[in-house]
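Shown next: final-v7.cif, given as mmCIF, C-alpha atoms and all ligand atoms.
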```cif
data_structure
loop_
_atom_site.group_PDB
_atom_site.id
_atom_site.type_symbol
_atom_site.label_atom_id
_atom_site.label_comp_id
_atom_site.auth_asym_id
_atom_site.auth_seq_id
_atom_site.Cartn_x
_atom_site.Cartn_y
_atom_site.Cartn_z
ATOM 1 C CA MET A 29 -17.677 136.157 96.814
ATOM 2 C CA TRP A 30 -20.180 137.404 94.250
ATOM 3 C CA VAL A 31 -21.120 136.573 90.692
ATOM 4 C CA ARG A 32 -21.056 139.118 87.884
ATOM 5 C CA THR A 33 -20.955 139.301 84.133
ATOM 6 C CA ALA A 34 -17.461 139.161 82.661
ATOM 7 C CA SER A 35 -16.240 142.243 80.832
ATOM 8 C CA GLU A 36 -13.438 143.122 78.466
ATOM 9 C CA ARG A 37 -11.195 144.254 81.324
ATOM 10 C CA ASP A 38 -11.443 140.795 82.968
ATOM 11 C CA LEU A 39 -10.083 138.893 79.981
ATOM 12 C CA GLU A 40 -6.406 138.767 81.035
ATOM 13 C CA GLU A 41 -7.340 137.479 84.489
ATOM 14 C CA ILE A 42 -9.796 134.943 83.040
ATOM 15 C CA ARG A 43 -7.137 133.746 80.611
ATOM 16 C CA ALA A 44 -4.637 133.272 83.479
ATOM 17 C CA LEU A 45 -7.250 131.420 85.534
ATOM 18 C CA LEU A 46 -8.110 129.098 82.647
ATOM 19 C CA ILE A 47 -4.454 128.327 81.895
ATOM 20 C CA ALA A 48 -3.642 127.567 85.554
ATOM 21 C CA THR A 49 -6.775 125.480 86.056
ATOM 22 C CA TRP A 50 -6.349 123.579 82.800
ATOM 23 C CA HIS A 51 -2.777 122.597 83.727
ATOM 24 C CA ASP A 52 -3.903 121.568 87.201
ATOM 25 C CA THR A 53 -6.809 119.517 85.846
ATOM 26 C CA TYR A 54 -5.482 118.022 82.612
ATOM 27 C CA ASP A 55 -1.654 117.798 82.625
ATOM 28 C CA HIS A 56 -1.773 114.254 83.985
ATOM 29 C CA ILE A 57 -4.397 113.263 81.396
ATOM 30 C CA TYR A 58 -3.299 114.976 78.160
ATOM 31 C CA GLY A 59 0.306 115.907 79.048
ATOM 32 C CA VAL A 60 1.757 119.391 79.634
ATOM 33 C CA GLU A 61 2.554 120.090 75.968
ATOM 34 C CA LYS A 62 -0.921 119.245 74.735
ATOM 35 C CA VAL A 63 -2.553 121.343 77.471
ATOM 36 C CA THR A 64 -0.290 124.277 76.572
ATOM 37 C CA GLU A 65 -1.204 123.876 72.904
ATOM 38 C CA ILE A 66 -4.951 123.796 73.667
ATOM 39 C CA THR A 67 -4.959 126.683 76.128
ATOM 40 C CA ASP A 68 -2.839 128.832 73.796
ATOM 41 C CA ALA A 69 -5.524 128.396 71.139
ATOM 42 C CA TRP A 70 -8.794 128.233 73.078
ATOM 43 C CA HIS A 71 -7.921 130.742 75.820
ATOM 44 C CA SER A 72 -6.155 133.451 73.886
ATOM 45 C CA ILE A 73 -7.595 136.937 74.393
ATOM 46 C CA ALA A 74 -8.718 136.871 70.751
ATOM 47 C CA ALA A 75 -10.648 133.636 71.363
ATOM 48 C CA LEU A 76 -12.218 134.867 74.622
ATOM 49 C CA ARG A 77 -13.151 138.412 73.540
ATOM 50 C CA PRO A 78 -16.193 137.535 71.361
ATOM 51 C CA ARG A 79 -17.879 135.987 74.412
ATOM 52 C CA VAL A 80 -18.204 139.411 76.049
ATOM 53 C CA ASP A 81 -21.018 140.471 73.732
ATOM 54 C CA GLN A 82 -22.093 137.212 72.103
ATOM 55 C CA PRO A 83 -25.915 137.147 71.786
ATOM 56 C CA ASN A 84 -27.864 134.429 73.642
ATOM 57 C CA SER A 85 -24.968 133.640 75.926
ATOM 58 C CA GLU A 86 -23.810 134.147 79.511
ATOM 59 C CA PHE A 87 -20.173 134.815 80.405
ATOM 60 C CA VAL A 88 -19.870 135.072 84.187
ATOM 61 C CA VAL A 89 -17.210 135.132 86.879
ATOM 62 C CA ALA A 90 -17.080 134.612 90.638
ATOM 63 C CA ASP A 91 -15.194 137.531 92.192
ATOM 64 C CA THR A 92 -13.752 137.485 95.723
ATOM 65 C CA GLY A 93 -13.123 141.230 95.671
ATOM 66 C CA GLU A 94 -9.412 140.485 95.320
ATOM 67 C CA GLN A 95 -9.473 138.124 92.393
ATOM 68 C CA ILE A 96 -11.621 136.260 89.913
ATOM 69 C CA CYS A 97 -11.730 132.711 91.243
ATOM 70 C CA ALA A 98 -14.070 131.032 88.746
ATOM 71 C CA VAL A 99 -15.474 131.478 85.259
ATOM 72 C CA ALA A 100 -18.352 129.988 83.288
ATOM 73 C CA PHE A 101 -19.604 130.396 79.739
ATOM 74 C CA ALA A 102 -22.880 129.065 78.344
ATOM 75 C CA SER A 103 -25.042 129.706 75.300
ATOM 76 C CA SER A 104 -28.406 128.728 73.891
ATOM 77 C CA LYS A 105 -29.573 129.055 70.302
ATOM 78 C CA ASP A 106 -33.261 128.525 71.052
ATOM 79 C CA GLY A 107 -33.445 129.334 74.764
ATOM 80 C CA ARG A 108 -34.581 125.759 75.479
ATOM 81 C CA LEU A 109 -31.312 123.838 75.351
ATOM 82 C CA VAL A 110 -28.400 125.463 77.182
ATOM 83 C CA LEU A 111 -24.845 124.391 76.369
ATOM 84 C CA LEU A 112 -22.452 124.905 79.261
ATOM 85 C CA HIS A 113 -19.175 125.299 77.385
ATOM 86 C CA GLN A 114 -16.948 125.980 80.373
ATOM 87 C CA LEU A 115 -16.963 125.950 84.151
ATOM 88 C CA TYR A 116 -13.591 126.390 85.819
ATOM 89 C CA VAL A 117 -12.748 127.206 89.435
ATOM 90 C CA SER A 118 -9.108 128.071 90.225
ATOM 91 C CA PRO A 119 -7.341 125.258 92.117
ATOM 92 C CA ASP A 120 -7.027 127.180 95.405
ATOM 93 C CA ALA A 121 -10.746 128.099 95.363
ATOM 94 C CA GLN A 122 -12.226 124.683 94.575
ATOM 95 C CA GLY A 123 -14.652 123.115 97.047
ATOM 96 C CA LYS A 124 -15.764 126.483 98.446
ATOM 97 C CA GLY A 125 -19.005 126.919 96.547
ATOM 98 C CA ALA A 126 -17.878 128.964 93.525
ATOM 99 C CA GLY A 127 -18.768 126.236 91.027
ATOM 100 C CA SER A 128 -22.253 125.913 92.521
ATOM 101 C CA LEU A 129 -22.757 129.684 92.447
ATOM 102 C CA LEU A 130 -21.864 129.904 88.762
ATOM 103 C CA MET A 131 -23.983 126.881 87.887
ATOM 104 C CA HIS A 132 -27.018 128.520 89.558
ATOM 105 C CA GLU A 133 -26.328 131.790 87.800
ATOM 106 C CA ILE A 134 -26.126 130.119 84.393
ATOM 107 C CA ILE A 135 -29.380 128.226 84.925
ATOM 108 C CA ASP A 136 -31.166 131.343 86.228
ATOM 109 C CA SER A 137 -29.999 133.277 83.164
ATOM 110 C CA PHE A 138 -31.981 131.057 80.802
ATOM 111 C CA PRO A 139 -35.473 131.025 82.380
ATOM 112 C CA GLU A 140 -37.066 129.281 79.353
ATOM 113 C CA ALA A 141 -34.502 126.473 79.360
ATOM 114 C CA ARG A 142 -35.692 122.889 79.545
ATOM 115 C CA LYS A 143 -32.317 121.184 79.507
ATOM 116 C CA ILE A 144 -28.643 121.964 80.147
ATOM 117 C CA ARG A 145 -25.871 119.963 78.472
ATOM 118 C CA LEU A 146 -22.104 119.799 78.952
ATOM 119 C CA GLU A 147 -19.099 117.684 78.074
ATOM 120 C CA VAL A 148 -16.633 116.366 80.640
ATOM 121 C CA GLU A 149 -13.410 114.398 80.293
ATOM 122 C CA GLU A 150 -14.272 110.844 81.288
ATOM 123 C CA THR A 151 -11.501 110.468 83.885
ATOM 124 C CA ASN A 152 -12.239 113.855 85.510
ATOM 125 C CA ALA A 153 -13.837 112.164 88.514
ATOM 126 C CA GLN A 154 -14.044 115.314 90.635
ATOM 127 C CA ALA A 155 -16.015 117.207 88.013
ATOM 128 C CA ILE A 156 -18.245 114.221 87.202
ATOM 129 C CA ALA A 157 -19.056 113.840 90.924
ATOM 130 C CA PHE A 158 -19.863 117.563 91.109
ATOM 131 C CA TYR A 159 -22.209 117.388 88.104
ATOM 132 C CA GLU A 160 -23.930 114.202 89.316
ATOM 133 C CA ASN A 161 -24.422 115.954 92.648
ATOM 134 C CA LYS A 162 -26.232 118.682 90.639
ATOM 135 C CA GLY A 163 -28.562 116.185 88.946
ATOM 136 C CA PHE A 164 -26.723 115.634 85.662
ATOM 137 C CA VAL A 165 -26.772 112.194 84.042
ATOM 138 C CA GLU A 166 -24.685 110.715 81.247
ATOM 139 C CA VAL A 167 -26.507 110.699 77.901
ATOM 140 C CA GLY A 168 -23.680 109.891 75.481
ATOM 141 C CA ARG A 169 -20.100 110.409 74.405
ATOM 142 C CA THR A 170 -18.192 112.569 71.960
ATOM 143 C CA ALA A 171 -14.802 112.015 70.310
ATOM 144 C CA ASN A 172 -14.325 115.776 69.890
ATOM 145 C CA CYS A 173 -14.813 117.668 73.139
ATOM 146 C CA GLY A 174 -14.869 121.451 72.859
ATOM 147 C CA GLU A 175 -14.689 121.803 69.097
ATOM 148 C CA ALA A 176 -14.859 119.749 65.911
ATOM 149 C CA GLU A 177 -11.695 117.715 65.271
ATOM 150 C CA SER A 178 -10.301 118.380 68.762
ATOM 151 C CA GLY A 179 -9.713 114.640 69.170
ATOM 152 C CA LEU A 180 -10.505 114.893 72.898
ATOM 153 C CA PRO A 181 -12.979 112.212 74.003
ATOM 154 C CA ALA A 182 -15.564 113.181 76.620
ATOM 155 C CA LEU A 183 -18.819 112.179 78.248
ATOM 156 C CA ILE A 184 -21.958 114.183 77.452
ATOM 157 C CA LEU A 185 -24.054 114.959 80.533
ATOM 158 C CA GLU A 186 -27.498 116.543 80.717
ATOM 159 C CA ARG A 187 -29.827 117.814 83.372
ATOM 160 C CA VAL A 188 -33.526 118.408 82.824
ATOM 161 C CA LEU A 189 -34.662 121.817 84.119
ATOM 162 C CA GLY A 190 -37.949 123.261 85.225
HETATM 163 C C1 LIG B 1 -15.697 120.776 89.251
HETATM 164 C C2 LIG B 1 -15.789 122.207 89.774
HETATM 165 C C3 LIG B 1 -16.384 123.105 88.702
HETATM 166 C C4 LIG B 1 -16.696 122.219 91.011
HETATM 167 O O1 LIG B 1 -16.736 123.542 91.543
HETATM 168 P P1 LIG B 1 -16.387 123.779 93.100
HETATM 169 O O2 LIG B 1 -16.504 125.227 93.381
HETATM 170 O O3 LIG B 1 -15.073 123.137 93.383
HETATM 171 O O4 LIG B 1 -17.552 122.945 93.822
HETATM 172 P P2 LIG B 1 -18.490 123.421 95.005
HETATM 173 O O5 LIG B 1 -17.639 123.879 96.146
HETATM 174 O O6 LIG B 1 -19.476 124.399 94.478
HETATM 175 O O7 LIG B 1 -19.191 122.055 95.378
HETATM 176 C C5 LIG B 1 -20.543 121.896 95.126
HETATM 177 C C6 LIG B 1 -21.038 120.525 95.515
HETATM 178 O O8 LIG B 1 -20.375 119.506 94.782
HETATM 179 C C7 LIG B 1 -19.820 118.580 95.687
HETATM 180 N N1 LIG B 1 -18.547 118.148 95.215
HETATM 181 C C8 LIG B 1 -17.523 118.921 94.821
HETATM 182 N N2 LIG B 1 -16.470 118.125 94.500
HETATM 183 C C9 LIG B 1 -16.891 116.852 94.728
HETATM 184 C C10 LIG B 1 -16.263 115.593 94.644
HETATM 185 N N3 LIG B 1 -14.982 115.477 94.274
HETATM 186 N N4 LIG B 1 -16.983 114.502 94.943
HETATM 187 C C11 LIG B 1 -18.277 114.598 95.343
HETATM 188 N N5 LIG B 1 -18.915 115.771 95.467
HETATM 189 C C12 LIG B 1 -18.213 116.864 95.164
HETATM 190 C C13 LIG B 1 -19.632 119.339 96.980
HETATM 191 O O9 LIG B 1 -19.663 118.438 98.071
HETATM 192 C C14 LIG B 1 -20.824 120.256 96.991
HETATM 193 O O10 LIG B 1 -21.965 119.580 97.455
HETATM 194 P P3 LIG B 1 -23.046 120.354 98.332
HETATM 195 O O11 LIG B 1 -23.533 121.514 97.490
HETATM 196 O O12 LIG B 1 -24.100 119.301 98.540
HETATM 197 O O13 LIG B 1 -22.330 120.770 99.560
HETATM 198 C C15 LIG B 1 -14.393 122.740 90.197
HETATM 199 O O14 LIG B 1 -13.883 121.938 91.243
HETATM 200 C C16 LIG B 1 -13.386 122.806 89.066
HETATM 201 O O15 LIG B 1 -13.332 123.795 88.349
HETATM 202 N N6 LIG B 1 -12.539 121.762 88.918
HETATM 203 C C17 LIG B 1 -11.431 121.763 87.996
HETATM 204 C C18 LIG B 1 -11.814 122.064 86.582
HETATM 205 C C19 LIG B 1 -12.902 121.183 86.032
HETATM 206 O O16 LIG B 1 -12.802 119.975 86.079
HETATM 207 N N7 LIG B 1 -13.946 121.831 85.501
HETATM 208 C C20 LIG B 1 -15.035 121.141 84.868
HETATM 209 C C21 LIG B 1 -14.671 120.829 83.470
HETATM 210 S S1 LIG B 1 -16.013 120.031 82.591
#
```

Just give me the structure of the file as structure tokens.
Ligand SMILES: CC(C)(COP(=O)(O)OP(=O)(O)OC[C@H]1O[C@@H](n2cnc3c(N)ncnc32)[C@H](O)[C@@H]1OP(=O)(O)O)[C@@H](O)C(=O)NCCC(=O)NCCS
Amino acid sequence: MWVRTASERDLEEIRALLIATWHDTYDHIYGVEKVTEITDAWHSIAALRPRVDQPNSEFVVADTGEQICAVAFASSKDGRLVLLHQLYVSPDAQGKGAGSLLMHEIIDSFPEARKIRLEVEETNAQAIAFYENKGFVEVGRTANCGEAESGLPALILERVLG
């Protein structure tokens, strides 16, 4: 498995990975219909494409040689605070180190960063355990995870870097 920057030709596979992983992770929390509605909007090719060449951002995948098994997207306006917008490992690849690989890659990509922040659904115990294992701590909550007016409550976690 290796990590590389995502490109335009990966978008269909990334979209499929995100849809499958979102249903696996969130159907029991939000319900199938709501997850379908969110993934249709947030993970359309049109929504994903701008990430490929967005300035001050990192869009990376873990590639097994046969398939993309994980994806992450992060950005930083000032280089100091990194926002990790997404980290998703496909269900059959979880627990095999892909999430850790992408987390390291994201942090290494912002060498001036002092802090990394993310949002996580508060009942997503597996992800919270993973992030705590990586040194993240809860610093607050949001009522709108992902985007303004999403209506999805989440914890805000941060890790100090450097
Ligand atoms: C959460 C997620 C990103 C973790 O990635 P992963 O590839 O499965 O995790 P890794 O195999 O890299 O595990 C890394 C470490 O976290 C630990 N870890 C993973 N899951 C854990 C759990 N449920 N409880 C405690 N520790 C856990 C591992 O033991 C490992 O520790 P080590 O490095 O000391 O050996 C991944 O499982 C995932 O995408 N889950 C579903 C989607 C999701 O919730 N994404 C996050 C949304 S905010």

Do you know which residues are within 7 Å of ligand LIG 1 (chain B) using all atoms listed in the file? Can you write them as a ChimeraX atom specification?
/A:49-50,53,114-119,121-129,147-149,152-155,157-158,161

Please compute the atom CA of Val99 of chain A-atom CA of Leu183 of chain A distance, one decimal, in Å.
20.8 Å

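Atom to atom, atom CA of Leu109 of chain A and atom CA of Arg145 of chain A stand 7.4 Å apart.
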
Pull out every residue that the PyMOL selection byres (((chain A and resi 33) around 12) and not hetatm) matches in the shown coordinates and put them as a list of chain:residue names.
A:Trp30, A:Val31, A:Arg32, A:Ala34, A:Ser35, A:Glu36, A:Arg37, A:Asp38, A:Leu39, A:Arg79, A:Val80, A:Asp81, A:Ser85, A:Glu86, A:Phe87, A:Val88, A:Val89, A:Ala90, A:Asp91, A:Ile96, A:Ala98, A:Val99, A:Ala100, A:Phe101, A:Ala102, A:Leu130, A:Glu133, A:Ile134, A:Ser137

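If you look at atom CA of Pro78 of chain A and atom CA of Val167 of chain A, they are 29.5 Å away from each other.
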
Within 9 Å of Tyr159 of chain A, counting all atoms listed in the file, which residues qualify if same-chain residues fewer than 6 places away don't, as a short mmCIF file (atom, residue, chain, number, x, y, z; two decimals) with C-alpha atoms, in the frame of the given file?
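Here's the written file out-v9.cif:
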```
data_model
loop_
_atom_site.label_atom_id
_atom_site.label_comp_id
_atom_site.auth_asym_id
_atom_site.auth_seq_id
_atom_site.Cartn_x
_atom_site.Cartn_y
_atom_site.Cartn_z
CA VAL A 165 -26.77 112.19 84.04
CA LEU A 185 -24.05 114.96 80.53
CA ARG A 187 -29.83 117.81 83.37
#
```

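Between Glu94 of chain A and the candidates A:Val60, A:Val110, A:Met29, A:Ile66, the tightest atom-to-atom separation, counting all atoms listed in the file, involves A:Met29.
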
Residue nearest Gly179 of chain A among A:Ile135, A:Arg43, A:Leu76, A:Tyr58 (counting only C-alpha atoms):
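Among A:Ile135, A:Arg43, A:Leu76, A:Tyr58, it is A:Tyr58 that comes nearest to Gly179 of chain A.
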
May I have the protein, DNA and RNA residues with any atom at most 12 Å from the point (1.1, 126.4, 77.7), counting all atoms listed in the file, written as a CSV table (one decimal) with C-alpha atoms, in the coordinates of the input?
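As a result, selection_36.csv now contains:
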```
chain,number,residue,atom,x,y,z
A,43,ARG,CA,-7.1,133.7,80.6
A,44,ALA,CA,-4.6,133.3,83.5
A,46,LEU,CA,-8.1,129.1,82.6
A,47,ILE,CA,-4.5,128.3,81.9
A,48,ALA,CA,-3.6,127.6,85.6
A,49,THR,CA,-6.8,125.5,86.1
A,50,TRP,CA,-6.3,123.6,82.8
A,51,HIS,CA,-2.8,122.6,83.7
A,52,ASP,CA,-3.9,121.6,87.2
A,54,TYR,CA,-5.5,118.0,82.6
A,55,ASP,CA,-1.7,117.8,82.6
A,59,GLY,CA,0.3,115.9,79.0
A,60,VAL,CA,1.8,119.4,79.6
A,61,GLU,CA,2.6,120.1,76.0
A,62,LYS,CA,-0.9,119.2,74.7
A,63,VAL,CA,-2.6,121.3,77.5
A,64,THR,CA,-0.3,124.3,76.6
A,65,GLU,CA,-1.2,123.9,72.9
A,66,ILE,CA,-5.0,123.8,73.7
A,67,THR,CA,-5.0,126.7,76.1
A,68,ASP,CA,-2.8,128.8,73.8
A,69,ALA,CA,-5.5,128.4,71.1
A,70,TRP,CA,-8.8,128.2,73.1
A,71,HIS,CA,-7.9,130.7,75.8
A,72,SER,CA,-6.2,133.5,73.9
```

Residues near Pro181 of chain A, cut-off 10 Å, only C-alpha atoms, skip fewer than 6 positions along chain, as number ranges by chain:
A: 147-150, 169-174

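Those residues returned by the PyMOL selection byres (((chain A and resi 107) around 7) and not hetatm) for this file are Ser104, Lys105, Asp106, Arg108, Leu109, Val110, Phe138, Glu140 and Ala141 of chain A.
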
Could you save those same residues with C-alpha atoms as a PDB file, in the coordinates of the input?
```
ATOM      1  CA  SER A 104     -28.406 128.728  73.891  1.00  0.00           C
ATOM      2  CA  LYS A 105     -29.573 129.055  70.302  1.00  0.00           C
ATOM      3  CA  ASP A 106     -33.261 128.525  71.052  1.00  0.00           C
ATOM      4  CA  ARG A 108     -34.581 125.759  75.479  1.00  0.00           C
ATOM      5  CA  LEU A 109     -31.312 123.838  75.351  1.00  0.00           C
ATOM      6  CA  VAL A 110     -28.400 125.463  77.182  1.00  0.00           C
ATOM      7  CA  PHE A 138     -31.981 131.057  80.802  1.00  0.00           C
ATOM      8  CA  GLU A 140     -37.066 129.281  79.353  1.00  0.00           C
ATOM      9  CA  ALA A 141     -34.502 126.473  79.360  1.00  0.00           C
TER      10      ALA A 141
END
```

Let me have the centre and edge lengths of the axis-aligned box enclosing all listed atoms of segment 156-175 of chain A with 5 Å padding on every side, in Å to one decimal, as AutoDock Vina command-line options.
```
--center_x -21.4 --center_y 115.8 --center_z 80.9 --size_x 24.2 --size_y 21.9 --size_z 33.6
```

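Distances here use all atoms listed in the file; by that measure, the residue among A:Gln95, A:Glu160, A:His113, A:Asp120 closest to Glu175 of chain A is A:His113.
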
For Phe164 of chain A, which residue among A:Asp136, A:Leu111, A:Thr92, A:Val188 is the nearest when counting all atoms listed in the file?
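Looking at the shortest contact to Phe164 of chain A, the residue is A:Val188.
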
Taking all atoms listed in the file into account, which of A:Ala75, A:Leu189, A:Cys97, A:Leu112 comes nearest Leu45 of chain A?
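Closest candidate: A:Cys97.
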
Select, from A:Ala176, A:Ile42, A:Ala74, A:Ile184, the residue with the minimum atom-to-atom distance to Ile144 of chain A, counting all atoms listed in the file.
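Answer, going by the shortest atom-to-atom distance: A:Ile184.
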